[in-house]
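Shown below: upload_34.cif, with mmCIF, C-alpha atoms.
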```
data_run
loop_
_atom_site.label_atom_id
_atom_site.label_comp_id
_atom_site.auth_asym_id
_atom_site.auth_seq_id
_atom_site.Cartn_x
_atom_site.Cartn_y
_atom_site.Cartn_z
CA MET J 1 -24.84 4.20 -14.02
CA LYS J 2 -26.05 0.87 -12.67
CA VAL J 3 -23.87 -1.49 -10.66
CA ARG J 4 -24.60 -4.83 -9.07
CA PHE J 5 -22.80 -6.36 -6.14
CA ARG J 6 -23.64 -8.47 -3.12
CA VAL J 7 -24.12 -6.81 0.23
CA ASN J 8 -24.07 -9.15 3.22
CA GLY J 9 -24.76 -12.06 0.90
CA ALA J 10 -27.70 -10.54 -0.95
CA ALA J 11 -27.43 -9.48 -4.60
CA ARG J 12 -28.28 -5.80 -4.94
CA GLY J 13 -28.53 -3.35 -7.80
CA PHE J 14 -27.68 0.32 -7.33
CA ASP J 15 -28.22 3.37 -9.48
CA ILE J 16 -25.17 5.50 -8.77
CA GLU J 17 -23.21 8.47 -10.00
CA PRO J 18 -19.93 7.23 -11.54
CA GLY J 19 -17.85 9.13 -9.00
CA ASP J 20 -19.74 7.94 -5.90
CA THR J 21 -17.75 6.19 -3.23
CA LEU J 22 -18.79 2.87 -1.77
CA LEU J 23 -19.31 4.62 1.57
CA GLU J 24 -21.89 7.01 0.11
CA VAL J 25 -23.75 4.29 -1.78
CA LEU J 26 -23.93 1.96 1.21
CA ARG J 27 -25.10 4.64 3.61
CA GLY J 28 -27.61 5.87 1.03
CA ALA J 29 -28.98 2.34 0.81
CA GLY J 30 -29.50 2.19 4.57
CA TYR J 31 -26.34 0.46 5.72
CA VAL J 32 -25.70 3.16 8.29
CA GLY J 33 -23.42 0.94 10.35
CA VAL J 34 -20.83 2.11 7.82
CA LYS J 35 -19.68 5.32 9.51
CA LYS J 36 -18.39 8.41 7.81
CA GLY J 37 -15.38 9.83 9.57
CA CYS J 38 -12.50 11.60 7.88
CA GLY J 39 -13.38 10.79 4.28
CA THR J 40 -9.68 10.47 3.45
CA GLY J 41 -8.81 6.95 4.55
CA ASP J 42 -7.19 7.97 7.80
CA CYS J 43 -9.67 6.94 10.49
CA GLY J 44 -11.17 3.60 9.40
CA ALA J 45 -14.71 4.38 10.62
CA CYS J 46 -16.01 3.48 7.15
CA THR J 47 -14.35 0.05 7.05
CA VAL J 48 -16.18 -2.68 5.15
CA LEU J 49 -15.04 -6.03 3.82
CA LEU J 50 -14.60 -6.19 0.06
CA ASP J 51 -14.20 -9.82 -1.01
CA GLY J 52 -13.24 -10.49 2.60
CA LYS J 53 -10.54 -7.79 2.77
CA ALA J 54 -10.96 -4.80 5.05
CA VAL J 55 -10.95 -1.53 3.10
CA ASN J 56 -11.75 2.12 3.65
CA SER J 57 -15.06 2.44 1.80
CA CYS J 58 -14.47 6.20 1.55
CA LEU J 59 -11.51 5.50 -0.76
CA VAL J 60 -13.19 2.93 -3.01
CA LEU J 61 -15.39 3.98 -5.88
CA ALA J 62 -18.70 2.11 -5.76
CA ALA J 63 -18.23 1.20 -9.41
CA LYS J 64 -15.18 -0.85 -8.38
CA ALA J 65 -17.45 -3.11 -6.31
CA GLU J 66 -19.22 -4.40 -9.43
CA GLY J 67 -19.70 -8.17 -9.12
CA ARG J 68 -17.98 -8.36 -5.75
CA ASP J 69 -18.94 -9.22 -2.17
CA VAL J 70 -19.35 -6.42 0.36
CA THR J 71 -19.83 -7.09 4.07
CA THR J 72 -20.94 -4.34 6.42
CA ILE J 73 -21.36 -4.56 10.17
CA GLU J 74 -25.06 -5.33 9.58
CA GLY J 75 -24.00 -8.55 7.88
CA LEU J 76 -22.22 -9.99 10.89
CA ALA J 77 -25.36 -10.68 12.87
CA PRO J 78 -28.10 -11.23 10.32
CA SER J 79 -30.15 -13.49 12.58
CA GLY J 80 -29.64 -11.35 15.66
CA THR J 81 -26.95 -13.61 17.07
CA LEU J 82 -23.79 -11.61 17.51
CA HIS J 83 -20.57 -12.59 15.80
CA PRO J 84 -17.91 -13.80 18.27
CA VAL J 85 -15.90 -10.64 17.64
CA GLN J 86 -18.93 -8.52 18.55
CA GLU J 87 -19.49 -10.63 21.66
CA ALA J 88 -15.86 -10.20 22.66
CA PHE J 89 -15.95 -6.43 22.18
CA LEU J 90 -18.93 -6.25 24.51
CA ASP J 91 -17.53 -8.73 27.02
CA VAL J 92 -14.26 -6.88 27.60
CA GLY J 93 -15.67 -3.36 27.30
CA ALA J 94 -13.92 -2.41 24.07
CA VAL J 95 -16.72 -0.02 23.16
CA GLN J 96 -17.15 3.51 24.41
CA CYS J 97 -18.82 6.02 22.09
CA GLY J 98 -19.09 3.28 19.48
CA TYR J 99 -18.36 5.30 16.36
CA CYS J 100 -15.19 3.41 15.48
CA THR J 101 -16.57 0.06 16.59
CA PRO J 102 -18.04 -1.23 13.30
CA GLY J 103 -14.73 -0.61 11.58
CA MET J 104 -12.73 -2.11 14.41
CA VAL J 105 -14.92 -5.20 14.43
CA LEU J 106 -14.72 -5.71 10.68
CA SER J 107 -10.93 -5.29 10.61
CA SER J 108 -10.78 -7.85 13.43
CA VAL J 109 -13.03 -10.27 11.53
CA ALA J 110 -10.79 -9.98 8.46
CA LEU J 111 -7.69 -10.57 10.57
CA LEU J 112 -9.07 -13.66 12.28
CA ALA J 113 -10.22 -15.12 8.97
CA GLU J 114 -6.61 -15.06 7.78
CA ASN J 115 -4.86 -15.61 11.08
CA PRO J 116 -6.89 -17.43 13.74
CA ALA J 117 -4.23 -16.99 16.44
CA PRO J 118 -2.68 -13.55 15.99
CA SER J 119 -0.06 -12.14 18.32
CA GLU J 120 -0.63 -8.84 20.06
CA ALA J 121 1.68 -7.16 17.55
CA GLU J 122 -0.29 -8.64 14.67
CA ILE J 123 -3.56 -7.44 16.18
CA ARG J 124 -2.21 -3.93 16.66
CA GLU J 125 -0.93 -3.92 13.09
CA ALA J 126 -4.30 -5.14 11.74
CA LEU J 127 -6.14 -2.40 13.66
CA SER J 128 -3.62 0.33 12.86
CA GLY J 129 -5.93 1.87 10.27
CA ASN J 130 -8.84 2.12 12.72
CA LEU J 131 -8.58 5.10 15.03
CA CYS J 132 -10.39 5.33 18.36
CA ARG J 133 -10.49 8.65 20.18
CA CYS J 134 -12.09 7.29 23.36
CA THR J 135 -9.89 4.40 24.43
CA GLY J 136 -6.25 3.47 24.57
CA TYR J 137 -6.68 0.47 22.26
CA ALA J 138 -5.83 -2.00 25.03
CA LYS J 139 -9.42 -3.21 25.28
CA GLN J 140 -9.77 -3.74 21.54
CA VAL J 141 -6.61 -5.83 21.48
CA GLU J 142 -7.93 -7.85 24.42
CA ALA J 143 -11.25 -8.26 22.62
CA VAL J 144 -9.61 -9.66 19.50
CA GLN J 145 -7.59 -12.09 21.60
CA ARG J 146 -10.80 -13.18 23.34
CA ALA J 147 -12.61 -13.51 20.02
CA ALA J 148 -9.77 -15.65 18.70
CA ASP J 149 -10.13 -17.92 21.73
CA LEU J 150 -13.92 -18.07 21.29
CA MET J 151 -13.65 -18.89 17.60
CA ARG J 152 -10.99 -21.54 18.11
CA GLY J 153 -13.14 -23.08 20.82
CA ALA J 154 -16.15 -23.07 18.55
CA SER J 155 -14.23 -24.78 15.78
CA LYS J 156 -12.99 -27.61 18.00
CA MET B 1 -16.13 12.04 -0.93
CA ALA B 2 -17.62 11.50 -4.38
CA ILE B 3 -15.64 12.69 -7.39
CA HIS B 4 -18.41 14.91 -8.63
CA GLN B 5 -17.07 15.73 -12.07
CA ILE B 6 -16.86 12.10 -13.19
CA ARG B 7 -19.40 11.44 -15.95
CA GLU B 8 -18.41 7.99 -17.06
CA ILE B 9 -16.40 4.93 -16.10
CA LEU B 10 -15.12 3.10 -19.14
CA ARG B 11 -14.36 -0.60 -18.94
CA PRO B 12 -12.03 -1.75 -21.68
CA ALA B 13 -11.47 -5.47 -22.24
CA THR B 14 -7.91 -5.22 -23.56
CA VAL B 15 -4.79 -3.16 -22.93
CA GLU B 16 -4.96 -1.92 -26.52
CA GLU B 17 -8.52 -0.72 -26.04
CA ALA B 18 -7.60 1.01 -22.78
CA TRP B 19 -4.78 2.86 -24.51
CA THR B 20 -7.00 3.90 -27.41
CA LEU B 21 -9.55 5.31 -24.99
CA ARG B 22 -6.86 7.21 -23.10
CA VAL B 23 -5.16 8.87 -26.06
CA ALA B 24 -8.51 9.84 -27.56
CA ALA B 25 -8.97 12.34 -24.72
CA PRO B 26 -5.63 13.03 -23.00
CA GLU B 27 -6.89 15.81 -20.74
CA SER B 28 -10.21 14.40 -19.63
CA ARG B 29 -9.43 10.71 -19.08
CA ARG B 30 -7.34 8.89 -16.51
CA PHE B 31 -6.67 5.23 -15.80
CA LEU B 32 -8.36 3.83 -12.70
CA ALA B 33 -6.56 1.08 -10.74
CA GLY B 34 -7.09 1.01 -6.96
CA GLY B 35 -8.45 4.53 -7.15
CA ILE B 36 -7.17 5.93 -3.84
CA GLU B 37 -5.24 8.77 -5.42
CA LEU B 38 -8.16 9.69 -7.66
CA VAL B 39 -10.66 9.76 -4.80
CA LEU B 40 -8.34 12.02 -2.82
CA TYR B 41 -7.62 14.29 -5.77
CA THR B 42 -8.80 14.24 -9.33
CA PRO B 43 -7.73 17.12 -11.58
CA PRO B 44 -10.77 19.26 -12.45
CA ALA B 45 -10.47 18.55 -16.17
CA VAL B 46 -10.83 14.79 -15.69
CA THR B 47 -14.36 13.58 -16.40
CA ASP B 48 -13.89 9.94 -17.46
CA LEU B 49 -12.09 7.08 -15.73
CA ILE B 50 -10.79 4.02 -17.56
CA ASP B 51 -11.17 1.08 -15.18
CA LEU B 52 -8.26 -1.34 -15.56
CA SER B 53 -9.67 -4.08 -13.35
CA ARG B 54 -10.80 -6.32 -16.21
CA LEU B 55 -7.41 -6.30 -17.89
CA PRO B 56 -4.80 -9.03 -17.37
CA MET B 57 -2.58 -6.73 -15.34
CA GLY B 58 -2.83 -8.35 -11.91
CA GLY B 59 -1.00 -11.10 -10.12
CA ILE B 60 2.54 -11.72 -9.00
CA ARG B 61 4.72 -14.22 -10.81
CA GLU B 62 8.22 -15.11 -11.92
CA GLU B 63 9.26 -14.82 -15.54
CA LYS B 64 12.73 -16.09 -16.47
CA GLY B 65 13.80 -15.34 -12.92
CA ASP B 66 12.45 -11.79 -12.94
CA LEU B 67 9.80 -11.02 -10.33
CA ILE B 68 6.75 -9.51 -12.02
CA LEU B 69 4.33 -7.39 -9.99
CA GLY B 70 1.18 -6.83 -12.00
CA ALA B 71 0.28 -3.15 -12.14
CA THR B 72 -3.14 -3.79 -10.61
CA SER B 73 -1.86 -6.12 -7.91
CA THR B 74 -2.18 -4.70 -4.42
CA PHE B 75 0.42 -4.27 -1.71
CA SER B 76 -1.48 -6.82 0.39
CA GLU B 77 -1.24 -9.38 -2.40
CA ALA B 78 2.49 -8.80 -2.47
CA LEU B 79 2.76 -9.20 1.29
CA SER B 80 1.10 -12.61 1.09
CA SER B 81 3.28 -13.74 -1.82
CA PRO B 82 6.11 -16.19 -1.08
CA LEU B 83 7.87 -14.88 -4.20
CA VAL B 84 7.97 -11.38 -2.73
CA ALA B 85 9.03 -12.74 0.66
CA ARG B 86 12.05 -14.43 -0.93
CA TYR B 87 13.10 -11.78 -3.43
CA GLY B 88 15.97 -9.53 -2.42
CA GLY B 89 16.12 -10.95 1.07
CA GLY B 90 12.58 -9.73 1.70
CA VAL B 91 13.41 -6.03 1.43
CA LEU B 92 10.33 -5.25 -0.67
CA ALA B 93 8.07 -6.94 1.87
CA ALA B 94 9.81 -5.05 4.68
CA ALA B 95 9.08 -1.78 2.93
CA LEU B 96 5.47 -2.63 2.12
CA ARG B 97 4.75 -3.34 5.77
CA ARG B 98 5.61 0.30 6.47
CA VAL B 99 3.23 1.73 3.85
CA ALA B 100 0.00 3.31 5.14
CA SER B 101 -2.47 0.95 6.90
CA PRO B 102 -3.59 -2.59 6.11
CA LEU B 103 -6.90 -1.09 4.95
CA GLN B 104 -5.18 1.01 2.31
CA ARG B 105 -2.74 -1.75 1.38
CA ASN B 106 -5.74 -3.90 0.45
CA VAL B 107 -6.63 -1.36 -2.24
CA ALA B 108 -3.42 0.42 -3.25
CA THR B 109 -1.76 -0.95 -6.38
CA PHE B 110 1.82 -0.94 -7.61
CA GLY B 111 0.78 0.68 -10.86
CA GLY B 112 -1.04 3.49 -9.11
CA SER B 113 1.91 4.06 -6.80
CA VAL B 114 4.58 4.34 -9.49
CA VAL B 115 2.40 6.43 -11.77
CA ARG B 116 1.58 8.89 -9.00
CA GLY B 117 5.21 8.90 -7.89
CA HIS B 118 4.99 10.84 -4.66
CA PRO B 119 8.48 12.00 -3.64
CA TRP B 120 7.99 10.41 -0.22
CA SER B 121 6.84 7.09 -1.69
CA ASP B 122 8.28 4.14 0.23
CA VAL B 123 7.40 1.92 -2.72
CA THR B 124 9.32 4.00 -5.26
CA CYS B 125 12.28 4.14 -2.88
CA VAL B 126 12.56 0.38 -2.51
CA LEU B 127 11.76 -0.34 -6.17
CA MET B 128 14.59 2.00 -7.20
CA GLY B 129 16.93 0.10 -4.91
CA LEU B 130 15.90 -3.10 -6.64
CA ASP B 131 16.54 -1.72 -10.15
CA ALA B 132 12.87 -2.00 -11.07
CA THR B 133 11.76 -1.31 -14.61
CA LEU B 134 8.25 -0.95 -15.92
CA ASP B 135 6.53 -3.02 -18.57
CA ALA B 136 4.35 -0.53 -20.39
CA TYR B 137 2.24 0.05 -23.47
CA ASP B 138 1.92 3.12 -25.66
CA GLY B 139 0.61 1.55 -28.83
CA ALA B 140 3.34 -1.08 -28.57
CA ALA B 141 4.90 -2.87 -25.64
CA LEU B 142 7.94 -1.12 -24.22
CA THR B 143 10.14 -1.03 -21.12
CA VAL B 144 10.72 2.21 -19.24
CA ASP B 145 12.42 3.17 -16.00
CA LEU B 146 10.46 4.31 -12.95
CA ASP B 147 10.39 7.94 -14.11
CA GLY B 148 9.01 6.77 -17.44
CA ALA B 149 5.63 6.21 -15.79
CA ARG B 150 5.07 9.94 -15.70
CA GLY B 151 7.51 11.63 -18.00
CA ARG B 152 6.09 11.70 -21.48
CA SER B 153 3.67 14.12 -23.02
CA PRO B 154 0.84 14.28 -23.76
CA VAL B 155 0.08 10.79 -22.39
CA PRO B 156 2.56 8.72 -20.39
CA PRO B 157 2.54 5.02 -21.25
CA LEU B 158 0.14 2.62 -19.57
CA VAL B 159 2.15 0.72 -16.95
CA THR B 160 1.20 -2.95 -17.10
CA ALA B 161 3.71 -4.42 -14.64
CA ILE B 162 6.71 -3.72 -12.45
CA ARG B 163 9.67 -5.94 -13.26
CA LEU B 164 12.36 -6.76 -10.69
CA PRO B 165 15.45 -8.34 -12.25
CA ALA B 166 16.52 -11.92 -11.69
CA ALA B 167 20.03 -10.65 -11.02
CA LEU B 168 18.91 -9.16 -7.70
CA ARG B 169 16.81 -12.08 -6.55
CA ASP B 170 19.39 -13.28 -4.04
CA VAL B 171 20.74 -9.96 -2.80
CA ARG B 172 20.18 -8.72 0.72
CA GLY B 173 18.55 -5.48 1.67
CA GLY B 174 17.16 -3.21 4.31
CA PHE B 175 14.51 -0.52 4.38
CA GLU B 176 14.01 2.30 6.86
CA LYS B 177 11.34 4.95 7.12
CA PHE B 178 11.18 7.94 9.42
CA SER B 179 7.80 9.57 9.89
CA ALA B 180 5.94 11.59 12.49
CA THR B 181 3.59 8.66 13.11
CA ALA B 182 3.54 5.12 11.78
CA PHE B 183 0.71 6.20 9.50
CA ASP B 184 2.27 9.38 8.20
CA VAL B 185 4.19 9.76 4.95
CA ALA B 186 7.95 9.61 5.25
CA THR B 187 9.98 12.53 6.48
CA LEU B 188 12.76 10.52 4.88
CA ASN B 189 13.11 6.94 3.69
CA CYS B 190 16.05 4.74 2.71
CA ALA B 191 16.55 1.45 0.93
CA CYS B 192 19.87 -0.34 0.66
CA VAL B 193 20.54 -3.45 -1.41
CA VAL B 194 23.87 -5.25 -1.32
CA ASP B 195 25.28 -8.25 -3.14
CA ILE B 196 27.83 -9.89 -0.88
CA VAL B 197 30.19 -12.53 -2.21
CA GLY B 198 32.38 -14.04 0.43
CA ARG B 199 32.52 -11.15 2.86
CA ILE B 200 32.96 -8.59 0.14
CA CYS B 201 30.27 -6.23 -1.04
CA ARG B 202 30.33 -6.75 -4.79
CA GLU B 203 27.46 -4.38 -5.60
CA ALA B 204 25.55 -1.81 -3.56
CA HIS B 205 22.48 0.33 -4.16
CA VAL B 206 21.75 3.13 -1.72
CA VAL B 207 18.52 5.07 -2.22
CA VAL B 208 17.22 7.93 -0.13
CA GLY B 209 13.82 9.55 -0.72
CA GLY B 210 11.47 12.10 0.76
CA THR B 211 14.31 14.56 1.11
CA PRO B 212 11.71 16.12 0.32
CA ALA B 213 12.64 15.44 -3.31
CA ALA B 214 11.92 12.10 -4.96
CA PRO B 215 14.10 9.07 -4.19
CA ARG B 216 17.46 8.87 -5.87
CA ARG B 217 20.55 6.69 -5.77
CA LEU B 218 23.50 7.96 -3.76
CA VAL B 219 26.38 7.06 -6.04
CA GLU B 220 29.20 8.12 -3.73
CA ALA B 221 27.76 6.14 -0.83
CA GLU B 222 27.50 3.12 -3.10
CA ASN B 223 31.13 3.56 -4.18
CA ALA B 224 32.14 3.66 -0.53
CA LEU B 225 30.76 0.13 -0.15
CA ARG B 226 31.84 -1.65 -3.32
CA GLY B 227 34.80 -3.95 -2.93
CA ARG B 228 34.81 -3.71 0.87
CA ALA B 229 33.78 -6.06 3.60
CA LEU B 230 30.44 -4.91 5.00
CA ASP B 231 31.86 -4.35 8.47
CA ASP B 232 31.04 -1.63 10.97
CA GLU B 233 33.72 0.65 9.57
CA ALA B 234 32.45 0.38 6.00
CA ILE B 235 28.88 0.92 7.11
CA ALA B 236 29.80 4.00 9.14
CA ALA B 237 31.77 5.37 6.21
CA ALA B 238 28.88 4.87 3.78
CA ALA B 239 26.44 6.44 6.22
CA GLY B 240 28.67 9.47 6.55
CA VAL B 241 28.99 9.83 2.79
CA ALA B 242 25.21 9.50 2.43
CA ALA B 243 24.65 12.34 4.91
CA ARG B 244 26.87 14.61 2.85
CA GLU B 245 25.62 13.45 -0.54
CA VAL B 246 21.88 13.49 0.06
CA ASP B 247 19.98 16.36 -1.53
CA ALA B 248 18.35 17.36 1.76
CA ARG B 249 16.20 20.47 1.97
CA ASP B 250 13.91 22.21 4.43
CA ASP B 251 10.15 21.82 4.34
CA ARG B 252 7.34 21.81 6.89
CA ARG B 253 8.21 18.28 8.03
CA ALA B 254 11.92 18.73 8.75
CA THR B 255 14.99 20.82 8.19
CA ALA B 256 17.77 19.88 5.79
CA TRP B 257 20.10 19.38 8.77
CA TYR B 258 17.68 16.94 10.41
CA ARG B 259 17.23 15.05 7.16
CA ARG B 260 20.99 14.60 6.82
CA GLU B 261 21.03 13.08 10.30
CA LEU B 262 18.17 10.79 9.33
CA ALA B 263 19.92 9.78 6.11
CA SER B 264 23.02 8.75 8.03
CA ILE B 265 21.05 6.75 10.59
CA GLY B 266 18.74 5.26 7.98
CA VAL B 267 21.52 4.09 5.68
CA ARG B 268 23.36 2.61 8.64
CA ARG B 269 20.28 0.72 9.83
CA CYS B 270 19.52 -0.53 6.32
CA LEU B 271 23.05 -1.84 5.85
CA VAL B 272 23.08 -3.52 9.25
CA ALA B 273 19.76 -5.15 8.40
CA ALA B 274 21.14 -6.22 5.04
CA ARG B 275 24.18 -7.71 6.72
CA GLY B 276 21.80 -9.75 8.79
CA GLU B 277 22.66 -8.82 12.33
CA GLY B 278 19.46 -7.01 13.27
CA ASP B 279 19.06 -3.40 14.28
CA GLU B 280 21.96 -2.94 16.67
CA VAL B 281 22.96 0.62 15.89
CA GLU B 282 21.52 3.85 17.23
#
```

Any chance you could give the structure as structure tokens?
Amino acid sequence: MKVRFRVNGAARGFDIEPGDTLLEVLRGAGYVGVKKGCGTGDCGACTVLLDGKAVNSCLVLAAKAEGRDVTTIEGLAPSGTLHPVQEAFLDVGAVQCGYCTPGMVLSSVALLAENPAPSEAEIREALSGNLCRCTGYAKQVEAVQRAADLMRGASK
Amino acid sequence: MAIHQIREILRPATVEEAWTLRVAAPESRRFLAGGIELVLYTPPAVTDLIDLSRLPMGGIREEKGDLILGATSTFSEALSSPLVARYGGGVLAAALRRVASPLQRNVATFGGSVVRGHPWSDVTCVLMGLDATLDAYDGAALTVDLDGARGRSPVPPLVTAIRLPAALRDVRGGFEKFSATAFDVATLNCACVVDIVGRICREAHVVVGGTPAAPRRLVEAENALRGRALDDEAIAAAAGVAAREVDARDDRRATAWYRRELASIGVRRCLVAARGEGDEVE
């Protein structure tokens, strides 16, 4: 079947199997920043934004994206200039092996779009679906706080 | 992982059309809402999915005082709704915050949850406490209870909305979930809803689920509360009755004995939360 949706702002058409997940279609189309982890919605490595909401792309059928907006990690820095959340993750050292990082960053972007000044508890809650096996999460929380500061500063 | 046996996704424009498509092939077709349950497990005989996303089954609204949760509305939508925040003292919102992760709550729908009806479902537990009924369609509009989403053969009705009664809009409630991790399904969950007039508990609903059987009302625990002031003594008495009354059994998550302990603690915490003094017990 054919579906059309926007990926990182660009309208795209895809020829898919009806039972394909969004994860498989995106990776097949070259958006390999979308990572495959558990495949059951537990780890968050496959996180993308669907109409601005962070979702597990392994749990969403690609057909459900018809007519909608999908943002992958590739869409955050289209011109090569990093998104403030990406900058913050680098600045505070919130990246180790990097496999969870695209999902962590996208969940953080979704959080800050809704809540520009989240508390630590709100950050931990927003990232609770993104597992990291390298770190203790402290650096990611710090990175989101830093990104919030950067983004508030930029908007002043 | 792709659902390999799916051959077609059908996109009806009306509820009537969706129902006609479903009954035309009861074994091989299923309704598709958020889709999480279907991605995780689709019965081998199912080859076609009927996508409900174009139907007017979303949104959250009030209707003659009832709170209406569209079947295709997501848990996240509910959590951002002021109507949900106000209803029942916020007990539904409190429960939804304990369900899975924000990522899954952005996709999971009320309709999908009640139709799947996992025995550990936090959503079913709290909806039962709030006397929820289901607006449904099976060739004609009808109202069914929560079990009615799954019960009938060969095709259960299409759930179009979850209806929470106006009569419980101003009650107070509490929800508690015990699980191995915050992300895990419940080893046991509880929801308590009380209507307090003066200091007296005029009505009480006590629900315990994941026992590991499906949620059910604990009638004796409710009777222990009705007509009494919701003081520490009444709460302790109801918690004790709940521990004895709950249909607790062993499974790989917990023993029946442990579940009875959890039921007592959970009911006590829910009632303290409902009373409005915070979590000061245990």

When you get a sec, could you note down which chain J residues fall within 6 Å of chain B, using all atoms listed in the file, as a ChimeraX atom specification? /J:18-21,54-56,59,129

Pull C-alpha atoms from the residues just selected and write them as a PDB file, keeping the file's coordinate frame.
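Saved as part04.pdb:
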```
ATOM      1  CA  PRO J  18     -19.930   7.230 -11.540  1.00  0.00           C
ATOM      2  CA  GLY J  19     -17.850   9.130  -9.000  1.00  0.00           C
ATOM      3  CA  ASP J  20     -19.740   7.940  -5.900  1.00  0.00           C
ATOM      4  CA  THR J  21     -17.750   6.190  -3.230  1.00  0.00           C
ATOM      5  CA  ALA J  54     -10.960  -4.800   5.050  1.00  0.00           C
ATOM      6  CA  VAL J  55     -10.950  -1.530   3.100  1.00  0.00           C
ATOM      7  CA  ASN J  56     -11.750   2.120   3.650  1.00  0.00           C
ATOM      8  CA  LEU J  59     -11.510   5.500  -0.760  1.00  0.00           C
ATOM      9  CA  GLY J 129      -5.930   1.870  10.270  1.00  0.00           C
TER      10      GLY J 129
END
```

Answer key for the PyMOL selection byres ((chain J and resi 135-149) around 9), residues as a PDB file with C-alpha atoms, in the frame of the given file:
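Generated file (result11.pdb):
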```
ATOM      1  CA  PRO J  84     -17.910 -13.800  18.270  1.00  0.00           C
ATOM      2  CA  VAL J  85     -15.900 -10.640  17.640  1.00  0.00           C
ATOM      3  CA  GLN J  86     -18.930  -8.520  18.550  1.00  0.00           C
ATOM      4  CA  GLU J  87     -19.490 -10.630  21.660  1.00  0.00           C
ATOM      5  CA  ALA J  88     -15.860 -10.200  22.660  1.00  0.00           C
ATOM      6  CA  PHE J  89     -15.950  -6.430  22.180  1.00  0.00           C
ATOM      7  CA  LEU J  90     -18.930  -6.250  24.510  1.00  0.00           C
ATOM      8  CA  ASP J  91     -17.530  -8.730  27.020  1.00  0.00           C
ATOM      9  CA  VAL J  92     -14.260  -6.880  27.600  1.00  0.00           C
ATOM     10  CA  GLY J  93     -15.670  -3.360  27.300  1.00  0.00           C
ATOM     11  CA  ALA J  94     -13.920  -2.410  24.070  1.00  0.00           C
ATOM     12  CA  VAL J  95     -16.720  -0.020  23.160  1.00  0.00           C
ATOM     13  CA  GLN J  96     -17.150   3.510  24.410  1.00  0.00           C
ATOM     14  CA  MET J 104     -12.730  -2.110  14.410  1.00  0.00           C
ATOM     15  CA  VAL J 105     -14.920  -5.200  14.430  1.00  0.00           C
ATOM     16  CA  SER J 108     -10.780  -7.850  13.430  1.00  0.00           C
ATOM     17  CA  VAL J 109     -13.030 -10.270  11.530  1.00  0.00           C
ATOM     18  CA  LEU J 112      -9.070 -13.660  12.280  1.00  0.00           C
ATOM     19  CA  PRO J 116      -6.890 -17.430  13.740  1.00  0.00           C
ATOM     20  CA  ALA J 117      -4.230 -16.990  16.440  1.00  0.00           C
ATOM     21  CA  PRO J 118      -2.680 -13.550  15.990  1.00  0.00           C
ATOM     22  CA  SER J 119      -0.060 -12.140  18.320  1.00  0.00           C
ATOM     23  CA  GLU J 120      -0.630  -8.840  20.060  1.00  0.00           C
ATOM     24  CA  ILE J 123      -3.560  -7.440  16.180  1.00  0.00           C
ATOM     25  CA  ARG J 124      -2.210  -3.930  16.660  1.00  0.00           C
ATOM     26  CA  LEU J 127      -6.140  -2.400  13.660  1.00  0.00           C
ATOM     27  CA  LEU J 131      -8.580   5.100  15.030  1.00  0.00           C
ATOM     28  CA  CYS J 132     -10.390   5.330  18.360  1.00  0.00           C
ATOM     29  CA  ARG J 133     -10.490   8.650  20.180  1.00  0.00           C
ATOM     30  CA  CYS J 134     -12.090   7.290  23.360  1.00  0.00           C
ATOM     31  CA  LEU J 150     -13.920 -18.070  21.290  1.00  0.00           C
ATOM     32  CA  MET J 151     -13.650 -18.890  17.600  1.00  0.00           C
ATOM     33  CA  ARG J 152     -10.990 -21.540  18.110  1.00  0.00           C
ATOM     34  CA  GLY J 153     -13.140 -23.080  20.820  1.00  0.00           C
ATOM     35  CA  ALA J 154     -16.150 -23.070  18.550  1.00  0.00           C
TER      36      ALA J 154
END
```

Pull the neighbourhood of (-11.4, 5.0, 12.7) for me: all residues within 10 Å in file coordinates, counting all atoms listed in the file, as a ChimeraX atom specification. /J:35-38,41-47,56,99-104,127-133

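Atom pair CA of Gly13 in chain J / CA of Gly80 in chain J: separated by 24.8 Å.
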
Would you kindly return, as a PyMOL selection string, each protein, DNA or RNA residue with an atom no farther than 12 Å from any atom of Pro78 in chain J, considering all atoms listed in the file and excluding same-chain residues fewer than 3 positions away? chain J and resi 7-10+71-75+81-83

Take the PyMOL selection byres ((chain B and resi 230) around 10), run it mentally on this structure, and tell me the resulting residues as a ChimeraX atom specification. /B:194,196,199-202,225-229,231-236,238,271-272,274-275
